[in-house]
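To start, the structure itself, in structure tokens.
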Amino acid sequence: MLPAAGVAAGVLLPLGYLGVRALEADPAELAALLLRPQTLALLGRTLGLAAGVLAFDLLIAWPLAWLTVRTPLVRVPGLALVGALPLAVPGYVMAYALLALGGGRGPHLAGFWGALLALGLTTYPYLYLNLRTALLALDPGLEEAARSLGHRPASVFLRVVLPALRPAFLAGGLLVALHVLGDFGVVSLMRYPTFSYAIYLQYTASFDRTYAAWLALMLLALAALGLALEARLLRGARPLGRPRPRRRPPPAPLWATALGAVWALLAGGLGVGLPLAVALRWLGAGAGLAGVLPAAAHSLLASLPAALLAALLAYPLARLEVRRPSPLAGVLARVAYFGYAVPPLALALAWIFFGLRAAPFLYQTLAMLVLAYTLHFLAEALGPVRSALYQTPRGLEEAARSLGHRPASVFLRVVLPSVGPGLAAGAAFVFLSAMKELPLTFLLAPLGFDTLATNAWSYASEAMFAEAAPYALALLAVSAALVGPLLGRRRDRR
Amino acid sequence: MKPVLRVQDLAKAYRPGGPAVAGVSFAVAPGEIFALLGPSGSGKTTTLRLIAGFERPDRGEVWIAGRQASGGGRFLPPEERGVGYVFQDHALFPHLTVLENVMFGLHRRPPRRRRARALEVLDLVGLTVFKDRRPDELSGGQQQRVALARAIAPGPPLVLLDEAFSSLDAGLREVTRAEVRALLKATGTSAVLVTHDQEEALSFADRLGVMRAGRLVQVGTPEEVYHLPATPFVARFLGHTNLVPARAHGDWAETPLGRVPLARPAEGAVRLSIRPEHLELLPPQAAEGVPGRVRSRAFKGHDLTLEVEAAGRRYRVQADYRSRFFPGDPVRVRVREPAVAVGRNAEAEPPGVKRERAAD
């Protein structure tokens, strides 16, 4: 219970300071500050980008999910993985690839369309994986029942399949929307000012941080609104029916199978191949590699402790939720998920205000960066640990106790071997996210603490594409090394 | 009367060499309840799916209410066959209420009549009070009845039931079965039930067909199939039996248990099926029967099963609760009903068939 309470405090306290800082503004001044057309334009651009990316993702993810589940491709091992691979590419690396594609000369994608493409190509797997899981779980008997009741295939699709997939659309869509709201790297490189970008500009460019605090608060409200909306829409959502194993690959015309294969290879290939090819080409331009090792060391120095700490905190939290479910345990878990949904720039600002006011000894230290990483990404570690715990029946522990083992011995000899892989996967997820994290690193890292992520972004934002290339490649390499096994593990569990 | 369903030489193979259904023919009369009985993998569910139009046959014809639904280059999609289907796990739409589930198949009726018809059918299955619930708020038996109501609401001449009762627990199964049968009879709806449960097939169907390896082995009324099995497989699949080698001479046969009358004339070396309840145990001093010894005794409440060794073979004997014989007791065994020749004695059965019962 104690670690759980600590996590809740760690998530909520900084956000409280964000509120305190924002409320210090003079009310009259505030109204003028907030009700500017500029704010409204920010809102419009942020929502517009989110809507555009959602539409783009839907166009890629839905056919991909359908074609790889409803054709014999469902039996091809690894194909599902190909479609999910772009998950390994940080958005700003994709943005860099799109900008560097033209080499700075000639027309290149920037602004709204550039941001849309970069975010779309890197976020569609969230929607794809959700839809794929739901489609696999969808009882084929529901569709057959509807057909035998006299409904044509189009009517069955509208009246049975779509309603059954609604939770998956919502869950995947929410992930994408939160990602777009929280994105800083892509919109800043594409020079498309949304809330996150504006907060950064306000924070770095002006001494008055009140407006930045208020923008962060509004962004936070937007994210909370998304969460609430999803919860509301999901109310009354029902499970998909008892899934029955498909006895044989579904019959499908050959063209659908072929299209599915092409679609998966194209989406995955574009999402991973494009940044890889562009970065490799610019690496050939021969910029110095001297800075890469220190930056990589910095990245490791911040990400590894965060990953370990997250796994360490995830275990008691998940255990509380799984073994002693109670309303309080549920609330604490929700807080951890909320910390994940908070847009990183808002979170970074909250930590800064918290550090300045309440914990000056932490301000601009590595410890603060590690703490912020840990609490932000904790939810990613919680998932695998929780499912590992669900797969370890309580009876195992009770059996070990009844055979004369003390609790410590039970933990070492029974719990750890079965929960260990879940802990490792959770830590790996957090490590990967922390390595790629940009805005938190920017605002919270000690002075001069360059990481792979910040260097890749900095060079790219100066159009120094050759200099950015080794950092982008290093990030891709780290991601590729971890994402394959992690996604594979996810598939095996099914 | 013209049959509601006629299936002619229906065949379907999912992979080469392993036919799921290999030439099945039968017909179902209006108002008749037909059961397809067989072990898992015998092709009975595939046959049902071919009738519903969920699968395309490789060969053969399906005629529903005088209309050709499959075969001869024709293939009606499921939605144009007008056949109700009740799934093993009910397949109720989780996002719709009970009433909406039942109204789902009424979309071709005028809107104001849909609700009235759905309520009428819900009343038939006694679920009117649950009309606004979601499927996951119902018990298994209630879900089963909603699934049936949904299937019969459009008024199909034929309803297909795919292991429709097997997800219910034993007590509920028997009650629901009787209710469904009464409902089908009351509405004059024909039905085909697929099941692996011999008791279910015997008590539910007017006629039944026993399937094995994609073929219909025997079709008849429950009494015919039970009392006059055509093969050792059918004899064993419909309850316990003793398969006894014998030499047949027309309407009687010489067996290790003495001379036994035959229900069906036969000649030469044959195998006889003698049901356990057709054997009788007598005290050792009795004049009839052959001497034997009781090996085991299993008390089952209303009756009991004994295993008896006689003339070098073991026999299963069904006795009533008053039986006074215990393991070790000497007895005499008598055959009290005509036996049935179910094949040549030389016939060897493939391994694994011997105790083939509904495993799942």
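Ordering of the structure tokens sets the chain letters (A, B, ...); residue numbers start at 1 within each chain; ligands are numbered from 1 in the order shown.
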Could you work out which residues of chain B fall inside 6 Å of chain A? Count only C-alpha atoms, and format the result as a PyMOL selection string. chain B and resi 78-79+91+94+105
Deliver the residues from the most recent selection as a file, using all heavy atoms, as a PDB file, in the first residue's frame.
ATOM      1  N   PRO B  78     -26.692 -17.513 -46.865  1.00  0.00           N
ATOM      2  CA  PRO B  78     -27.493 -17.867 -45.679  1.00  0.00           C
ATOM      3  C   PRO B  78     -28.716 -16.975 -45.504  1.00  0.00           C
ATOM      4  O   PRO B  78     -29.770 -17.447 -45.090  1.00  0.00           O
ATOM      5  CB  PRO B  78     -26.520 -17.694 -44.512  1.00  0.00           C
ATOM      6  CG  PRO B  78     -25.181 -17.483 -45.076  1.00  0.00           C
ATOM      7  CD  PRO B  78     -25.269 -17.353 -46.551  1.00  0.00           C
ATOM      8  N   GLU B  79     -28.549 -15.659 -45.818  1.00  0.00           N
ATOM      9  CA  GLU B  79     -29.662 -14.743 -45.538  1.00  0.00           C
ATOM     10  C   GLU B  79     -30.865 -14.974 -46.443  1.00  0.00           C
ATOM     11  O   GLU B  79     -31.939 -14.444 -46.195  1.00  0.00           O
ATOM     12  CB  GLU B  79     -29.195 -13.286 -45.622  1.00  0.00           C
ATOM     13  CG  GLU B  79     -28.738 -12.819 -46.989  1.00  0.00           C
ATOM     14  CD  GLU B  79     -27.237 -12.998 -47.181  1.00  0.00           C
ATOM     15  OE1 GLU B  79     -26.661 -13.852 -46.475  1.00  0.00           O
ATOM     16  OE2 GLU B  79     -26.656 -12.298 -48.017  1.00  0.00           O
ATOM     17  N   ALA B  91     -24.437 -17.318 -29.441  1.00  0.00           N
ATOM     18  CA  ALA B  91     -24.086 -16.218 -30.337  1.00  0.00           C
ATOM     19  C   ALA B  91     -25.122 -15.084 -30.281  1.00  0.00           C
ATOM     20  O   ALA B  91     -25.550 -14.560 -31.302  1.00  0.00           O
ATOM     21  CB  ALA B  91     -23.919 -16.711 -31.775  1.00  0.00           C
ATOM     22  N   PRO B  94     -24.019  -9.129 -28.224  1.00  0.00           N
ATOM     23  CA  PRO B  94     -23.808  -8.594 -26.866  1.00  0.00           C
ATOM     24  C   PRO B  94     -24.222  -7.132 -26.734  1.00  0.00           C
ATOM     25  O   PRO B  94     -24.490  -6.674 -25.637  1.00  0.00           O
ATOM     26  CB  PRO B  94     -22.300  -8.764 -26.642  1.00  0.00           C
ATOM     27  CG  PRO B  94     -21.700  -8.880 -28.003  1.00  0.00           C
ATOM     28  CD  PRO B  94     -22.763  -9.460 -28.895  1.00  0.00           C
ATOM     29  N   GLY B 105     -34.023 -10.338 -36.682  1.00  0.00           N
ATOM     30  CA  GLY B 105     -34.362 -11.018 -37.929  1.00  0.00           C
ATOM     31  C   GLY B 105     -35.686 -10.570 -38.523  1.00  0.00           C
ATOM     32  O   GLY B 105     -36.143 -11.131 -39.516  1.00  0.00           O
TER      33      GLY B 105
END
Can you list every residue in stretch 6-110 of chain B that DSSP puts in strand (DSSP E), as a ChimeraX atom specification? /B:6-15,18-28,33-37,59-64,67-71,74-75,83-86
Near B:Ser139, within 12 Å and counting only C-alpha atoms, which residues show up once chain neighbours fewer than 3 positions away are dropped, as a list in words? His90, Leu127, Phe130, Arg133, Arg134, Pro135, Asp136, Gln142, Gln143, Gln144, Arg145, Val146, Ser167, Leu168, Asp169 and Leu172 of chain B
Any chance you could tabulate, as JSON lines, the residues of stretch 91-207 of chain B at most 7 Å from stretch 43-48 of chain B with each one's nearest atom pair and distance in Å to one decimal, using only C-alpha atoms, in chain and rising number order?
{"residue": "B:Leu160", "atom": "CA", "partner": "B:Leu48", "partner_atom": "CA", "distance": 6.9}
{"residue": "B:Asp162", "atom": "CA", "partner": "B:Thr45", "partner_atom": "CA", "distance": 6.6}
{"residue": "B:Val194", "atom": "CA", "partner": "B:Lys44", "partner_atom": "CA", "distance": 6.3}
Between atom CA of B:Leu36 and atom CA of B:Gln68, what distance in Å does the model show, to one decimal? 21.4 Å
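In this structure, atom CA of B:Gly84 sits 26.2 Å away from atom CA of B:Val217.
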So that I can see what lies close to A:Ala221, please list as a ChimeraX atom specification the residues with an atom at most 12 Å from it, counting only C-alpha atoms and leaving out residues fewer than 5 positions away in the same chain. /A:15,19,43,178,181,195,214-216,226-229,338,341-343,346
Please produce an output containing N, CA and C atoms for each residue in the selection, written as a PDB file, in the first residue's frame.
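Heads up, here's the output in out-v3.pdb:
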ATOM      1  N   LEU A  15       1.417  18.004 -10.371  1.00  0.00           N
ATOM      2  CA  LEU A  15       0.282  18.583 -11.082  1.00  0.00           C
ATOM      3  C   LEU A  15      -0.406  19.626 -10.221  1.00  0.00           C
ATOM      4  N   GLY A  19      -1.174  23.730 -10.914  1.00  0.00           N
ATOM      5  CA  GLY A  19      -2.386  24.482 -10.631  1.00  0.00           C
ATOM      6  C   GLY A  19      -2.086  25.700  -9.778  1.00  0.00           C
ATOM      7  N   LEU A  43      -6.030  25.760 -30.059  1.00  0.00           N
ATOM      8  CA  LEU A  43      -6.992  24.689 -29.816  1.00  0.00           C
ATOM      9  C   LEU A  43      -7.428  24.063 -31.138  1.00  0.00           C
ATOM     10  N   LEU A 178      -4.192  10.834 -27.523  1.00  0.00           N
ATOM     11  CA  LEU A 178      -3.315  11.247 -26.426  1.00  0.00           C
ATOM     12  C   LEU A 178      -1.895  11.449 -26.932  1.00  0.00           C
ATOM     13  N   LEU A 181      -1.803  14.752 -28.782  1.00  0.00           N
ATOM     14  CA  LEU A 181      -1.856  15.858 -27.813  1.00  0.00           C
ATOM     15  C   LEU A 181      -0.501  16.035 -27.140  1.00  0.00           C
ATOM     16  N   PHE A 195      -0.646  22.937 -28.866  1.00  0.00           N
ATOM     17  CA  PHE A 195      -0.484  23.284 -27.458  1.00  0.00           C
ATOM     18  C   PHE A 195       0.925  22.972 -26.961  1.00  0.00           C
ATOM     19  N   TRP A 214      -0.843  28.072 -17.859  1.00  0.00           N
ATOM     20  CA  TRP A 214      -2.249  27.961 -18.239  1.00  0.00           C
ATOM     21  C   TRP A 214      -2.429  27.115 -19.491  1.00  0.00           C
ATOM     22  N   LEU A 215      -1.524  27.270 -20.442  1.00  0.00           N
ATOM     23  CA  LEU A 215      -1.604  26.415 -21.640  1.00  0.00           C
ATOM     24  C   LEU A 215      -1.454  24.945 -21.246  1.00  0.00           C
ATOM     25  N   ALA A 216      -0.521  24.680 -20.323  1.00  0.00           N
ATOM     26  CA  ALA A 216      -0.315  23.302 -19.871  1.00  0.00           C
ATOM     27  C   ALA A 216      -1.570  22.770 -19.197  1.00  0.00           C
ATOM     28  N   GLY A 226     -10.570  13.740 -23.063  1.00  0.00           N
ATOM     29  CA  GLY A 226     -10.491  12.542 -23.913  1.00  0.00           C
ATOM     30  C   GLY A 226     -10.736  11.279 -23.105  1.00  0.00           C
ATOM     31  N   LEU A 227     -10.071  11.201 -21.938  1.00  0.00           N
ATOM     32  CA  LEU A 227     -10.248  10.029 -21.077  1.00  0.00           C
ATOM     33  C   LEU A 227     -11.690   9.874 -20.636  1.00  0.00           C
ATOM     34  N   ALA A 228     -12.293  10.995 -20.215  1.00  0.00           N
ATOM     35  CA  ALA A 228     -13.669  10.955 -19.723  1.00  0.00           C
ATOM     36  C   ALA A 228     -14.623  10.568 -20.843  1.00  0.00           C
ATOM     37  N   LEU A 229     -14.363  11.134 -22.033  1.00  0.00           N
ATOM     38  CA  LEU A 229     -15.223  10.848 -23.177  1.00  0.00           C
ATOM     39  C   LEU A 229     -15.189   9.364 -23.499  1.00  0.00           C
ATOM     40  N   PHE A 338      -3.332   7.626 -15.219  1.00  0.00           N
ATOM     41  CA  PHE A 338      -3.526   9.039 -15.500  1.00  0.00           C
ATOM     42  C   PHE A 338      -2.169   9.707 -15.729  1.00  0.00           C
ATOM     43  N   ALA A 341      -1.198   9.363 -19.143  1.00  0.00           N
ATOM     44  CA  ALA A 341      -1.974  10.106 -20.125  1.00  0.00           C
ATOM     45  C   ALA A 341      -1.648  11.598 -20.114  1.00  0.00           C
ATOM     46  N   VAL A 342      -1.007  12.067 -19.033  1.00  0.00           N
ATOM     47  CA  VAL A 342      -0.692  13.499 -18.966  1.00  0.00           C
ATOM     48  C   VAL A 342       0.314  13.846 -20.069  1.00  0.00           C
ATOM     49  N   PRO A 343       0.002  14.839 -20.909  1.00  0.00           N
ATOM     50  CA  PRO A 343       0.931  15.224 -21.961  1.00  0.00           C
ATOM     51  C   PRO A 343       2.280  15.584 -21.356  1.00  0.00           C
ATOM     52  N   ALA A 346       3.143  19.225 -20.308  1.00  0.00           N
ATOM     53  CA  ALA A 346       2.433  19.686 -19.117  1.00  0.00           C
ATOM     54  C   ALA A 346       3.075  19.086 -17.875  1.00  0.00           C
TER      55      ALA A 346
END
Using DSSP secondary structure from the backbone, list all helix (DSSP H, G or I) positions within stretch 76-268 of chain A, as a ChimeraX atom specification. /A:79-88,91-101,111-137,140-148,153-182,185-189,195-205,210-234,254-268
Determine, counting only C-alpha atoms, which protein, DNA and RNA residues have an atom within 12 Å of an atom of B:Asp123; residues of the same chain fewer than 5 positions away are not included. Present the result as a list in words. Leu99, Val102, Ala116, Arg117, Ala118, Thr128, Val129, Phe130, Lys131, Arg145, Val146, Ala149, Ala153 and Leu183 of chain B
List as an mmCIF file with N, CA and C atoms, in the first residue's frame the protein and nucleic acid residues near stretch 238-246 of chain B, meaning an atom at most 7 Å away when only C-alpha atoms are counted, but skip any in the same chain fewer than 4 places from it.
data_model
loop_
_atom_site.group_PDB
_atom_site.id
_atom_site.type_symbol
_atom_site.label_atom_id
_atom_site.label_comp_id
_atom_site.auth_asym_id
_atom_site.auth_seq_id
_atom_site.Cartn_x
_atom_site.Cartn_y
_atom_site.Cartn_z
ATOM 1 N N GLN B 198 -26.266 -39.312 -26.905
ATOM 2 C CA GLN B 198 -27.258 -40.261 -27.423
ATOM 3 C C GLN B 198 -28.593 -40.124 -26.704
ATOM 4 N N TYR B 226 -32.108 -47.867 -31.685
ATOM 5 C CA TYR B 226 -31.618 -48.417 -30.427
ATOM 6 C C TYR B 226 -31.754 -49.944 -30.407
ATOM 7 N N VAL B 234 -22.937 -48.376 -34.178
ATOM 8 C CA VAL B 234 -24.221 -47.797 -33.767
ATOM 9 C C VAL B 234 -24.668 -48.422 -32.443
ATOM 10 N N ALA B 253 -29.542 -68.004 -33.003
ATOM 11 C CA ALA B 253 -28.098 -68.108 -33.075
ATOM 12 C C ALA B 253 -27.559 -68.867 -31.873
ATOM 13 N N GLU B 254 -26.436 -69.562 -32.110
ATOM 14 C CA GLU B 254 -25.750 -70.269 -31.031
ATOM 15 C C GLU B 254 -24.711 -69.316 -30.459
ATOM 16 N N THR B 255 -24.784 -69.051 -29.135
ATOM 17 C CA THR B 255 -23.856 -68.108 -28.517
ATOM 18 C C THR B 255 -23.246 -68.747 -27.281
ATOM 19 N N ALA B 269 -21.221 -66.887 -39.234
ATOM 20 C CA ALA B 269 -20.514 -66.286 -38.104
ATOM 21 C C ALA B 269 -20.862 -64.801 -38.018
ATOM 22 N N VAL B 270 -21.460 -64.424 -36.915
ATOM 23 C CA VAL B 270 -21.894 -63.027 -36.756
ATOM 24 C C VAL B 270 -21.483 -62.494 -35.388
ATOM 25 N N ARG B 271 -21.657 -61.178 -35.240
ATOM 26 C CA ARG B 271 -21.519 -60.576 -33.921
ATOM 27 C C ARG B 271 -22.890 -60.127 -33.476
ATOM 28 N N LEU B 272 -23.217 -60.436 -32.255
ATOM 29 C CA LEU B 272 -24.530 -60.045 -31.736
ATOM 30 C C LEU B 272 -24.369 -58.888 -30.765
ATOM 31 N N SER B 273 -25.328 -57.993 -30.803
ATOM 32 C CA SER B 273 -25.407 -56.953 -29.787
ATOM 33 C C SER B 273 -26.473 -57.369 -28.792
ATOM 34 N N ILE B 274 -26.059 -57.521 -27.544
ATOM 35 C CA ILE B 274 -27.024 -57.847 -26.477
ATOM 36 C C ILE B 274 -26.958 -56.746 -25.436
ATOM 37 N N ARG B 275 -28.025 -55.971 -25.315
ATOM 38 C CA ARG B 275 -28.050 -54.852 -24.376
ATOM 39 C C ARG B 275 -27.947 -55.359 -22.943
ATOM 40 N N PRO B 276 -27.292 -54.635 -22.057
ATOM 41 C CA PRO B 276 -27.156 -55.080 -20.656
ATOM 42 C C PRO B 276 -28.502 -55.340 -19.997
ATOM 43 N N TYR B 315 -19.559 -59.916 -19.184
ATOM 44 C CA TYR B 315 -20.799 -59.303 -19.661
ATOM 45 C C TYR B 315 -21.227 -58.205 -18.718
ATOM 46 N N ARG B 316 -21.783 -57.169 -19.336
ATOM 47 C CA ARG B 316 -22.344 -56.088 -18.549
ATOM 48 C C ARG B 316 -23.831 -56.367 -18.391
ATOM 49 N N ASN B 345 -18.610 -61.781 -37.803
ATOM 50 C CA ASN B 345 -17.730 -61.900 -36.656
ATOM 51 C C ASN B 345 -16.297 -61.535 -37.017
#
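As for atom CA of B:Ala230 and atom CA of B:Thr195, they are spaced 19.6 Å apart.
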Who sits within 7 Å of B:His278, only C-alpha atoms, same chain under 4 positions skipped, as an MDAnalysis selection string: chainID B and resid 274 335:337
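Across A:Leu87, A:Leu486, A:Ala348, A:Leu328, the tightest approach to A:Gly268 is made by A:Leu87 when counting only C-alpha atoms.
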